[in-house]
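Everything below belongs to entry-v6.pdb, which stores PDB, C-alpha atoms and all ligand atoms.
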ATOM      1  CA  MET A   9     -16.239  11.165  15.447
ATOM      2  CA  THR A  10     -12.895  12.218  14.003
ATOM      3  CA  THR A  11     -10.350   9.428  13.724
ATOM      4  CA  ASP A  12      -6.898   9.181  12.227
ATOM      5  CA  ALA A  13      -8.485   7.081   9.451
ATOM      6  CA  GLU A  14     -10.968   9.741   8.411
ATOM      7  CA  PHE A  15      -8.954  10.715   5.313
ATOM      8  CA  ASP A  16      -8.302   7.129   4.149
ATOM      9  CA  ALA A  17     -10.046   7.754   0.829
ATOM     10  CA  TRP A  18     -10.049   4.667  -1.422
ATOM     11  CA  THR A  19     -12.359   5.462  -4.310
ATOM     12  CA  ALA A  20     -10.839   7.329  -7.264
ATOM     13  CA  GLY A  21      -8.705   4.745  -9.067
ATOM     14  CA  GLN A  22      -6.992   7.126 -11.486
ATOM     15  CA  SER A  23      -6.110   9.532  -8.715
ATOM     16  CA  TYR A  24      -4.748   6.704  -6.585
ATOM     17  CA  ASP A  25      -2.580   5.542  -9.478
ATOM     18  CA  ARG A  26      -1.085   9.023  -9.876
ATOM     19  CA  TYR A  27      -0.447   9.294  -6.146
ATOM     20  CA  MET A  28       0.634   5.805  -5.044
ATOM     21  CA  GLY A  29      -0.240   3.152  -7.628
ATOM     22  CA  ARG A  30       2.770   3.926  -9.800
ATOM     23  CA  TRP A  31       5.111   3.403  -6.857
ATOM     24  CA  SER A  32       3.297   0.335  -5.559
ATOM     25  CA  ALA A  33       3.687  -1.143  -9.074
ATOM     26  CA  ALA A  34       7.464  -0.736  -8.752
ATOM     27  CA  VAL A  35       7.458  -2.362  -5.312
ATOM     28  CA  ALA A  36       5.291  -5.231  -6.616
ATOM     29  CA  GLU A  37       7.992  -6.117  -9.155
ATOM     30  CA  ARG A  38      10.684  -6.291  -6.460
ATOM     31  CA  PHE A  39       8.395  -8.208  -4.156
ATOM     32  CA  LEU A  40       7.788 -10.909  -6.771
ATOM     33  CA  ASP A  41      11.543 -11.127  -7.487
ATOM     34  CA  TRP A  42      12.037 -11.852  -3.808
ATOM     35  CA  LEU A  43       9.006 -14.137  -3.372
ATOM     36  CA  GLU A  44      10.048 -16.488  -6.215
ATOM     37  CA  PRO A  45       6.563 -18.035  -6.468
ATOM     38  CA  PRO A  46       6.059 -21.279  -8.378
ATOM     39  CA  GLY A  47       4.080 -21.253 -11.635
ATOM     40  CA  GLY A  48       0.597 -22.764 -11.781
ATOM     41  CA  ALA A  49      -0.408 -21.459  -8.349
ATOM     42  CA  ARG A  50      -3.908 -20.442  -7.234
ATOM     43  CA  TRP A  51      -3.499 -16.911  -5.831
ATOM     44  CA  VAL A  52      -5.773 -14.887  -3.581
ATOM     45  CA  GLU A  53      -4.976 -11.200  -3.194
ATOM     46  CA  ALA A  54      -6.331  -9.132  -0.316
ATOM     47  CA  GLY A  55      -6.664  -5.399  -1.004
ATOM     48  CA  CYS A  56      -5.825  -5.355  -4.719
ATOM     49  CA  GLY A  57      -6.567  -1.643  -5.068
ATOM     50  CA  THR A  58      -6.323  -0.660  -8.715
ATOM     51  CA  GLY A  59      -4.444  -3.855  -9.558
ATOM     52  CA  ALA A  60      -0.725  -3.019  -9.340
ATOM     53  CA  LEU A  61       0.247  -6.369  -7.816
ATOM     54  CA  THR A  62      -2.495  -8.293  -9.646
ATOM     55  CA  SER A  63      -1.196  -7.356 -13.065
ATOM     56  CA  ALA A  64       2.416  -8.123 -12.077
ATOM     57  CA  ILE A  65       1.366 -11.594 -10.862
ATOM     58  CA  LEU A  66      -0.489 -12.257 -14.118
ATOM     59  CA  ARG A  67       2.380 -11.018 -16.271
ATOM     60  CA  ARG A  68       5.240 -12.697 -14.419
ATOM     61  CA  CYS A  69       4.090 -15.672 -12.342
ATOM     62  CA  ALA A  70       2.095 -17.913 -14.715
ATOM     63  CA  PRO A  71      -0.695 -18.330 -12.136
ATOM     64  CA  ALA A  72      -3.489 -20.867 -12.556
ATOM     65  CA  SER A  73      -5.868 -18.235 -11.165
ATOM     66  CA  VAL A  74      -5.912 -14.964  -9.240
ATOM     67  CA  LEU A  75      -8.841 -13.955  -7.057
ATOM     68  CA  ALA A  76      -8.197 -10.249  -6.444
ATOM     69  CA  THR A  77     -10.298  -8.578  -3.739
ATOM     70  CA  ASP A  78     -10.647  -5.117  -2.266
ATOM     71  CA  ALA A  79     -13.003  -3.534   0.257
ATOM     72  CA  SER A  80     -13.514  -0.622  -2.135
ATOM     73  CA  ALA A  81     -16.079  -1.469  -4.804
ATOM     74  CA  GLU A  82     -14.708   1.431  -6.891
ATOM     75  CA  PHE A  83     -11.143   0.109  -6.792
ATOM     76  CA  ALA A  84     -12.239  -3.477  -7.519
ATOM     77  CA  ALA A  85     -14.247  -2.194 -10.506
ATOM     78  CA  HIS A  86     -11.291  -0.104 -11.692
ATOM     79  CA  ALA A  87      -8.972  -3.135 -11.529
ATOM     80  CA  ARG A  88     -11.545  -5.352 -13.280
ATOM     81  CA  ALA A  89     -11.888  -2.833 -16.114
ATOM     82  CA  ALA A  90      -8.125  -2.379 -16.451
ATOM     83  CA  ILE A  91      -7.113  -6.055 -16.382
ATOM     84  CA  SER A  92      -8.722  -8.392 -18.874
ATOM     85  CA  ASP A  93      -7.203 -11.790 -18.251
ATOM     86  CA  PRO A  94      -9.303 -14.961 -18.037
ATOM     87  CA  ARG A  95      -7.223 -16.183 -15.099
ATOM     88  CA  ALA A  96      -8.223 -13.175 -12.974
ATOM     89  CA  ARG A  97     -11.422 -12.636 -11.019
ATOM     90  CA  PHE A  98     -12.238  -9.519  -9.008
ATOM     91  CA  ALA A  99     -14.466  -9.162  -5.981
ATOM     92  CA  THR A 100     -15.405  -6.532  -3.439
ATOM     93  CA  ALA A 101     -14.546  -8.045  -0.082
ATOM     94  CA  ASP A 102     -13.072  -7.170   3.277
ATOM     95  CA  ALA A 103      -9.686  -8.751   3.927
ATOM     96  CA  ALA A 104     -11.195 -10.295   7.059
ATOM     97  CA  ASP A 105     -13.892 -12.029   5.003
ATOM     98  CA  LEU A 106     -12.360 -13.328   1.782
ATOM     99  CA  PRO A 107     -14.722 -15.018  -0.711
ATOM    100  CA  ALA A 108     -12.637 -18.199  -0.921
ATOM    101  CA  GLU A 109     -12.997 -21.718   0.479
ATOM    102  CA  ASP A 110     -10.833 -22.973   3.340
ATOM    103  CA  GLY A 111      -7.500 -24.254   2.048
ATOM    104  CA  SER A 112      -8.231 -23.279  -1.552
ATOM    105  CA  ALA A 113      -5.206 -21.032  -2.248
ATOM    106  CA  ASP A 114      -1.552 -21.862  -2.833
ATOM    107  CA  ILE A 115      -0.452 -18.270  -2.292
ATOM    108  CA  VAL A 116      -2.082 -15.333  -0.539
ATOM    109  CA  ALA A 117      -0.553 -11.947  -1.256
ATOM    110  CA  SER A 118      -1.344  -8.423  -0.146
ATOM    111  CA  GLY A 119       0.416  -5.185  -1.065
ATOM    112  CA  LEU A 120       0.434  -2.114   1.193
ATOM    113  CA  VAL A 121      -2.834  -3.091   2.890
ATOM    114  CA  LEU A 122      -2.248  -4.793   6.241
ATOM    115  CA  ASN A 123      -1.692  -1.574   8.199
ATOM    116  CA  PHE A 124      -5.038  -0.188   7.020
ATOM    117  CA  LEU A 125      -7.035  -3.124   8.369
ATOM    118  CA  PRO A 126      -8.966  -2.278  11.530
ATOM    119  CA  ASP A 127      -8.158  -5.770  12.861
ATOM    120  CA  ARG A 128      -4.812  -6.998  11.513
ATOM    121  CA  LEU A 129      -4.922 -10.275  13.397
ATOM    122  CA  ALA A 130      -8.327 -11.044  11.864
ATOM    123  CA  GLY A 131      -6.869 -10.249   8.434
ATOM    124  CA  LEU A 132      -3.916 -12.581   8.972
ATOM    125  CA  ALA A 133      -6.193 -15.318  10.327
ATOM    126  CA  GLU A 134      -8.332 -15.033   7.201
ATOM    127  CA  MET A 135      -5.288 -15.324   4.951
ATOM    128  CA  ARG A 136      -4.312 -18.485   6.816
ATOM    129  CA  ARG A 137      -7.821 -19.882   6.514
ATOM    130  CA  VAL A 138      -7.853 -19.740   2.720
ATOM    131  CA  LEU A 139      -4.314 -21.151   2.350
ATOM    132  CA  ARG A 140      -3.774 -24.867   1.874
ATOM    133  CA  PRO A 141      -1.302 -26.657   4.168
ATOM    134  CA  GLY A 142       2.160 -25.719   2.907
ATOM    135  CA  GLY A 143       0.770 -22.606   1.182
ATOM    136  CA  LEU A 144       2.577 -19.284   1.157
ATOM    137  CA  LEU A 145       1.335 -16.229   3.058
ATOM    138  CA  SER A 146       2.926 -13.028   1.787
ATOM    139  CA  PHE A 147       2.539  -9.278   1.964
ATOM    140  CA  TYR A 148       4.431  -6.018   2.034
ATOM    141  CA  ALA A 149       3.986  -2.776   3.928
ATOM    142  CA  TRP A 150       5.764   0.567   3.744
ATOM    143  CA  ASP A 151       8.324   1.203   6.475
ATOM    144  CA  TYR A 152       6.336   4.224   7.627
ATOM    145  CA  PRO A 153       7.981   4.739  11.035
ATOM    146  CA  GLY A 154      11.468   4.715   9.498
ATOM    147  CA  GLY A 155      10.537   7.603   7.187
ATOM    148  CA  GLY A 156      10.110   4.804   4.665
ATOM    149  CA  ILE A 157       8.319   6.873   2.038
ATOM    150  CA  GLY A 158      10.445   9.973   1.718
ATOM    151  CA  PHE A 159       7.923  11.998  -0.263
ATOM    152  CA  LEU A 160       5.166  11.265   2.239
ATOM    153  CA  ASP A 161       7.430  12.074   5.155
ATOM    154  CA  ALA A 162       8.179  15.466   3.609
ATOM    155  CA  PHE A 163       4.457  16.103   3.189
ATOM    156  CA  TRP A 164       3.519  15.239   6.767
ATOM    157  CA  GLN A 165       6.431  17.167   8.291
ATOM    158  CA  ALA A 166       5.326  20.305   6.463
ATOM    159  CA  ALA A 167       1.662  19.652   7.300
ATOM    160  CA  ALA A 168       2.409  19.170  11.008
ATOM    161  CA  ALA A 169       4.500  22.349  11.119
ATOM    162  CA  LEU A 170       1.436  24.308   9.999
ATOM    163  CA  ASP A 171      -1.233  22.207  11.707
ATOM    164  CA  PRO A 172      -0.133  20.290  14.820
ATOM    165  CA  ALA A 173      -3.246  18.085  14.518
ATOM    166  CA  ALA A 174      -1.836  16.673  11.276
ATOM    167  CA  ALA A 175       0.944  14.894  13.190
ATOM    168  CA  ALA A 176      -1.543  12.250  14.352
ATOM    169  CA  LEU A 177      -2.520  11.554  10.735
ATOM    170  CA  ASP A 178       1.056  10.799   9.640
ATOM    171  CA  GLU A 179       1.223   7.099   8.811
ATOM    172  CA  GLY A 180       4.506   6.947  10.730
ATOM    173  CA  ALA A 181       2.544   7.760  13.897
ATOM    174  CA  ARG A 182      -0.489   5.668  12.958
ATOM    175  CA  PHE A 183       1.394   2.496  12.047
ATOM    176  CA  PRO A 184       4.371   2.195  14.402
ATOM    177  CA  PHE A 185       4.428  -1.595  13.957
ATOM    178  CA  CYS A 186       5.550  -1.302  10.308
ATOM    179  CA  THR A 187       9.165  -2.111  11.126
ATOM    180  CA  ARG A 188      11.033  -5.384  10.753
ATOM    181  CA  ASP A 189      10.668  -6.122  14.479
ATOM    182  CA  GLY A 190       7.088  -4.881  14.642
ATOM    183  CA  LEU A 191       5.983  -7.073  11.767
ATOM    184  CA  ALA A 192       7.802 -10.083  13.240
ATOM    185  CA  ALA A 193       5.978  -9.472  16.544
ATOM    186  CA  LEU A 194       2.613  -9.152  14.764
ATOM    187  CA  LEU A 195       3.144 -12.442  12.955
ATOM    188  CA  ALA A 196       4.191 -14.146  16.183
ATOM    189  CA  GLU A 197       0.997 -12.841  17.826
ATOM    190  CA  ALA A 198      -0.965 -14.256  14.873
ATOM    191  CA  GLY A 199       0.697 -17.646  15.440
ATOM    192  CA  ILE A 200       2.559 -17.497  12.126
ATOM    193  CA  GLY A 201       6.033 -18.930  12.661
ATOM    194  CA  ALA A 202       9.391 -18.397  10.955
ATOM    195  CA  PRO A 203       8.555 -15.558   8.572
ATOM    196  CA  ALA A 204      11.211 -14.202   6.228
ATOM    197  CA  ILE A 205      11.267 -10.391   6.239
ATOM    198  CA  ALA A 206      13.317  -8.294   3.824
ATOM    199  CA  PRO A 207      13.530  -4.631   2.791
ATOM    200  CA  ILE A 208      12.523  -3.496  -0.684
ATOM    201  CA  GLU A 209      13.798  -0.096  -1.740
ATOM    202  CA  ILE A 210      12.817   2.051  -4.686
ATOM    203  CA  VAL A 211      13.526   5.612  -5.787
ATOM    204  CA  THR A 212      10.536   7.922  -6.293
ATOM    205  CA  GLU A 213      11.452  10.667  -8.739
ATOM    206  CA  PHE A 214       9.412  13.689  -9.781
ATOM    207  CA  PRO A 215      10.554  15.888 -12.678
ATOM    208  CA  ASP A 216       9.725  19.039 -10.701
ATOM    209  CA  PHE A 217       7.903  20.297  -7.632
ATOM    210  CA  GLU A 218       4.521  20.534  -9.405
ATOM    211  CA  ALA A 219       4.723  16.837 -10.318
ATOM    212  CA  PHE A 220       5.430  16.046  -6.646
ATOM    213  CA  TRP A 221       2.593  18.259  -5.386
ATOM    214  CA  GLN A 222      -0.186  17.526  -7.855
ATOM    215  CA  PRO A 223      -1.028  13.940  -6.689
ATOM    216  CA  PHE A 224      -1.649  15.291  -3.174
ATOM    217  CA  THR A 225      -4.437  17.449  -4.611
ATOM    218  CA  LEU A 226      -6.334  14.488  -6.098
ATOM    219  CA  GLY A 227      -7.811  13.166  -2.884
ATOM    220  CA  ALA A 228      -7.102   9.401  -3.083
ATOM    221  CA  GLY A 229      -5.290   8.028  -0.016
ATOM    222  CA  PRO A 230      -4.724   9.443   3.487
ATOM    223  CA  ALA A 231      -2.359  12.355   2.699
ATOM    224  CA  PRO A 232      -4.302  13.512  -0.399
ATOM    225  CA  GLY A 233      -7.517  13.089   1.602
ATOM    226  CA  TYR A 234      -6.102  15.434   4.243
ATOM    227  CA  CYS A 235      -4.760  17.863   1.628
ATOM    228  CA  THR A 236      -8.068  18.209  -0.189
ATOM    229  CA  SER A 237      -9.910  18.682   3.124
ATOM    230  CA  LEU A 238      -7.975  21.906   3.757
ATOM    231  CA  PRO A 239      -9.527  25.253   2.825
ATOM    232  CA  PRO A 240      -7.765  26.884  -0.165
ATOM    233  CA  ASP A 241      -5.625  29.303   1.864
ATOM    234  CA  ARG A 242      -4.250  26.556   4.135
ATOM    235  CA  ARG A 243      -3.652  24.253   1.193
ATOM    236  CA  GLU A 244      -1.703  27.044  -0.513
ATOM    237  CA  ALA A 245       0.328  27.642   2.663
ATOM    238  CA  LEU A 246       1.236  23.950   2.767
ATOM    239  CA  LYS A 247       2.241  24.000  -0.882
ATOM    240  CA  THR A 248       4.399  27.088  -0.356
ATOM    241  CA  ARG A 249       6.151  25.552   2.631
ATOM    242  CA  LEU A 250       6.927  22.381   0.697
ATOM    243  CA  ALA A 251       8.092  24.332  -2.363
ATOM    244  CA  GLU A 252      10.476  26.344  -0.183
ATOM    245  CA  ARG A 253      11.879  23.149   1.279
ATOM    246  CA  LEU A 254      12.154  21.134  -1.909
ATOM    247  CA  GLY A 255      12.908  23.839  -4.468
ATOM    248  CA  ALA A 256      10.278  24.891  -6.981
ATOM    249  CA  GLY A 257      11.931  24.339 -10.347
ATOM    250  CA  ARG A 258      14.141  21.291 -10.003
ATOM    251  CA  PRO A 259      13.633  17.508  -9.921
ATOM    252  CA  VAL A 260      12.557  16.037  -6.593
ATOM    253  CA  SER A 261      13.813  12.599  -5.623
ATOM    254  CA  PHE A 262      13.239  10.470  -2.527
ATOM    255  CA  ARG A 263      13.838   6.935  -1.393
ATOM    256  CA  ALA A 264      11.026   4.622  -0.344
ATOM    257  CA  ARG A 265      11.340   1.385   1.598
ATOM    258  CA  ALA A 266       8.833  -1.398   2.199
ATOM    259  CA  TRP A 267       9.127  -4.568   4.235
ATOM    260  CA  ALA A 268       8.334  -7.770   2.367
ATOM    261  CA  VAL A 269       7.112 -10.707   4.426
ATOM    262  CA  LYS A 270       6.571 -14.369   3.578
ATOM    263  CA  ALA A 271       5.758 -17.398   5.694
ATOM    264  CA  ARG A 272       5.100 -20.985   4.718
ATOM    265  CA  MET A 273       2.054 -22.612   6.365
ATOM    266  CA  PRO A 274       2.617 -25.847   8.219
ATOM    267  CA  THR A 275       1.975 -28.999   6.161
TER     268      THR A 275
HETATM  269  C1  LIG B 301      -2.408   1.640  -0.203
HETATM  270  S1  LIG B 301      -3.729   0.846  -1.031
HETATM  271  C2  LIG B 301      -2.895  -0.567  -1.781
HETATM  272  C3  LIG B 301      -3.586  -1.060  -3.006
HETATM  273  C4  LIG B 301      -2.790  -2.027  -3.883
HETATM  274  N1  LIG B 301      -2.595  -3.306  -3.223
HETATM  275  C5  LIG B 301      -1.484  -1.421  -4.303
HETATM  276  O1  LIG B 301      -0.435  -1.962  -3.939
HETATM  277  O2  LIG B 301      -1.509  -0.419  -5.014
HETATM  278  C6  LIG B 301      -4.650   0.120   0.275
HETATM  279  C7  LIG B 301      -5.823  -0.682  -0.191
HETATM  280  O3  LIG B 301      -6.375  -1.382   0.898
HETATM  281  C8  LIG B 301      -7.781  -1.432   0.700
HETATM  282  N2  LIG B 301      -8.390  -1.706   1.989
HETATM  283  C9  LIG B 301      -8.494  -0.888   3.057
HETATM  284  N3  LIG B 301      -9.129  -1.518   4.060
HETATM  285  C10 LIG B 301      -9.434  -2.758   3.612
HETATM  286  C11 LIG B 301     -10.091  -3.886   4.189
HETATM  287  N4  LIG B 301     -10.567  -3.853   5.435
HETATM  288  N5  LIG B 301     -10.240  -5.001   3.434
HETATM  289  C12 LIG B 301      -9.748  -5.040   2.169
HETATM  290  N6  LIG B 301      -9.133  -4.003   1.573
HETATM  291  C13 LIG B 301      -8.978  -2.884   2.287
HETATM  292  C14 LIG B 301      -8.108  -0.065   0.125
HETATM  293  O4  LIG B 301      -9.383  -0.043  -0.498
HETATM  294  C15 LIG B 301      -6.946   0.119  -0.840
HETATM  295  O5  LIG B 301      -7.230  -0.418  -2.094
END
Could I get this file's structure written as structure tokens?
Ligand SMILES: C[S@@+](CC[C@H](N)C(=O)[O-])C[C@H]1O[C@@H](n2cnc3c(N)ncnc32)[C@H](O)[C@@H]1O
Amino acid sequence: MTTDAEFDAWTAGQSYDRYMGRWSAAVAERFLDWLEPPGGARWVEAGCGTGALTSAILRRCAPASVLATDASAEFAAHARAAISDPRARFATADAADLPAEDGSADIVASGLVLNFLPDRLAGLAEMRRVLRPGGLLSFYAWDYPGGGIGFLDAFWQAAAALDPAAAALDEGARFPFCTRDGLAALLAEAGIGAPAIAPIEIVTEFPDFEAFWQPFTLGAGPAPGYCTSLPPDRREALKTRLAERLGAGRPVSFRARAWAVKARMPT
């Protein structure tokens, strides 16, 4: 069966880093500025990917420990190989089944993952389960419906102009709840009260069109997964359309916005 998740390819760590990991690393820094976590905390991370947020936590937050998990064994292995820190442990695990005891974490964090979970409420319930009373639940998600990742928006608009079926794959269409109000409603449905929600904005700059285009050809993530599924002539047509729109020889710059969310558990 074809689903809108069929191109959600989470395996090639290096390719993911070239496509999204470098931008998620920038968002992770802003997120931690905003989160202001205390030192000495026991962290659990759901969906660590290649370790963008994990390494920022280790570098900046003086954690007691970080249990970083991802459903992709390849990504968990990539992060484990890239980050050698005795405070960090990596595991392959679904966000709805975290390998941590009830109430064992001071902080649960998750970067750019919640929208990809097949059951978001189960994911949030699992984060709550592992948090101690008074612990901090936190995550961030791209503002997809608001055109929140400019470079991705440009890609999907061009793709849908050539292939109407691509419109359903656009994360803006797939994840309409990734707005301030939508996330607040999701948390309310999960029984998580009084969240703080704030925008995080970064600039994504590419020195030229080729630098913008190349990560889409590497296959890691939904848009690259779609791009690499196209036969060569249709891929070339998509590239040409984007080059005409963005200009072939000059720098390409977009804005990207994520929503950061934090909520304190009841004591
Ligand atoms: C956009 S990436 C974000 C990765 C990383 N946190 C970052 O900021 O770069 C989404 C991640 O969610 C993971 N993921 C998808 N479904 C998952 C699930 N059900 N449980 C845990 N992780 C999942 C993917 O393997 C991928 O690493």
Neighbourhood of ligand LIG 301 (chain B) at 9 Å, counting only C-alpha atoms and all ligand atoms, reported as a PyMOL selection string: chain A and resi 16-19+21+24-25+28-33+35-36+53-62+77-84+100-106+118-128+131+148-149+229-230
Residue nearest A:Ala133 among A:Ala34, A:Ala196, A:Ala64, A:Ala174 (counting all atoms listed in the file):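 Answer, going by the shortest atom-to-atom distance: A:Ala196.
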Contacts of stretch 251-258 of chain A at 8 Å (all atoms listed in the file; same-chain gap of 4+ positions) as a list of chain:residue names: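 My reading of the contact set: A:Pro215, A:Asp216, A:Phe217, A:Glu218, A:Lys247.
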Tell me which protein, DNA and RNA residues are within 12 Å of stretch 184-190 of chain A, counting only C-alpha atoms, leaving out same-chain ones fewer than 6 positions away, and put them as an mmCIF file with C-alpha atoms, keeping the file's coordinate frame.
data_model
loop_
_atom_site.group_PDB
_atom_site.id
_atom_site.type_symbol
_atom_site.label_atom_id
_atom_site.label_comp_id
_atom_site.auth_asym_id
_atom_site.auth_seq_id
_atom_site.Cartn_x
_atom_site.Cartn_y
_atom_site.Cartn_z
ATOM 1 C CA LEU A 120 0.434 -2.114 1.193
ATOM 2 C CA VAL A 121 -2.834 -3.091 2.890
ATOM 3 C CA LEU A 122 -2.248 -4.793 6.241
ATOM 4 C CA ASN A 123 -1.692 -1.574 8.199
ATOM 5 C CA PHE A 124 -5.038 -0.188 7.020
ATOM 6 C CA ARG A 128 -4.812 -6.998 11.513
ATOM 7 C CA PHE A 147 2.539 -9.278 1.964
ATOM 8 C CA TYR A 148 4.431 -6.018 2.034
ATOM 9 C CA ALA A 149 3.986 -2.776 3.928
ATOM 10 C CA TRP A 150 5.764 0.567 3.744
ATOM 11 C CA ASP A 151 8.324 1.203 6.475
ATOM 12 C CA TYR A 152 6.336 4.224 7.627
ATOM 13 C CA PRO A 153 7.981 4.739 11.035
ATOM 14 C CA GLY A 154 11.468 4.715 9.498
ATOM 15 C CA GLY A 155 10.537 7.603 7.187
ATOM 16 C CA GLY A 156 10.110 4.804 4.665
ATOM 17 C CA ILE A 157 8.319 6.873 2.038
ATOM 18 C CA ALA A 176 -1.543 12.250 14.352
ATOM 19 C CA ASP A 178 1.056 10.799 9.640
ATOM 20 C CA ALA A 196 4.191 -14.146 16.183
ATOM 21 C CA GLU A 197 0.997 -12.841 17.826
ATOM 22 C CA PRO A 203 8.555 -15.558 8.572
ATOM 23 C CA ALA A 204 11.211 -14.202 6.228
ATOM 24 C CA ILE A 205 11.267 -10.391 6.239
ATOM 25 C CA ALA A 206 13.317 -8.294 3.824
ATOM 26 C CA PRO A 207 13.530 -4.631 2.791
ATOM 27 C CA ILE A 208 12.523 -3.496 -0.684
ATOM 28 C CA ARG A 265 11.340 1.385 1.598
ATOM 29 C CA ALA A 266 8.833 -1.398 2.199
ATOM 30 C CA TRP A 267 9.127 -4.568 4.235
ATOM 31 C CA ALA A 268 8.334 -7.770 2.367
ATOM 32 C CA VAL A 269 7.112 -10.707 4.426
#
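You can rank A:Ala89, A:Leu132, A:Val138, A:Ala198 by their closest distance to A:Glu109 using only C-alpha atoms, and at the top of that list sits A:Val138.
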Distance in Å - atom CA of A:Thr225 versus atom CA of A:Arg26: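 Interatomic distance here is 10.5 Å.
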Padding 4 Å on each side, edges along x, y and z: where is the centre of the box around the listed atoms of stretch 251-265 of chain A, and how long are its edges in Å to one decimal? Output it as lines of an AutoDock Vina configuration file.
center_x = 11.1
center_y = 13.9
center_z = -4.4
size_x = 14.0
size_y = 33.0
size_z = 19.9
Target residues per the PyMOL selection byres (((chain A and resi 71) around 12) and not hetatm), formatted as a ChimeraX atom specification: /A:45-52,62-70,72-75,93-96,113-115
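Taking atom CA of A:Ala271 and atom CA of A:Leu145 as the two end points, the separation is 5.3 Å.
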Between atom CA of A:Lys270 and atom CA of A:Ala87, distance in Å (one decimal):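 Between these atoms lies a distance of 24.4 Å.
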Residue contacts of A:Arg140 (9 Å, all atoms listed in the file) excluding same-chain residues fewer than 4 positions away, as a ChimeraX atom specification: /A:110-115,136,144,273,275
Output of the PyMOL selection byres (((chain A and resi 262) around 6) and not hetatm), listed as a ChimeraX atom specification: /A:158-159,211-212,261,263
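Using only C-alpha atoms, the smallest distance between any of A:Glu37, A:Ala85, A:Arg137, A:Leu129 and A:Leu194 comes from A:Leu129.
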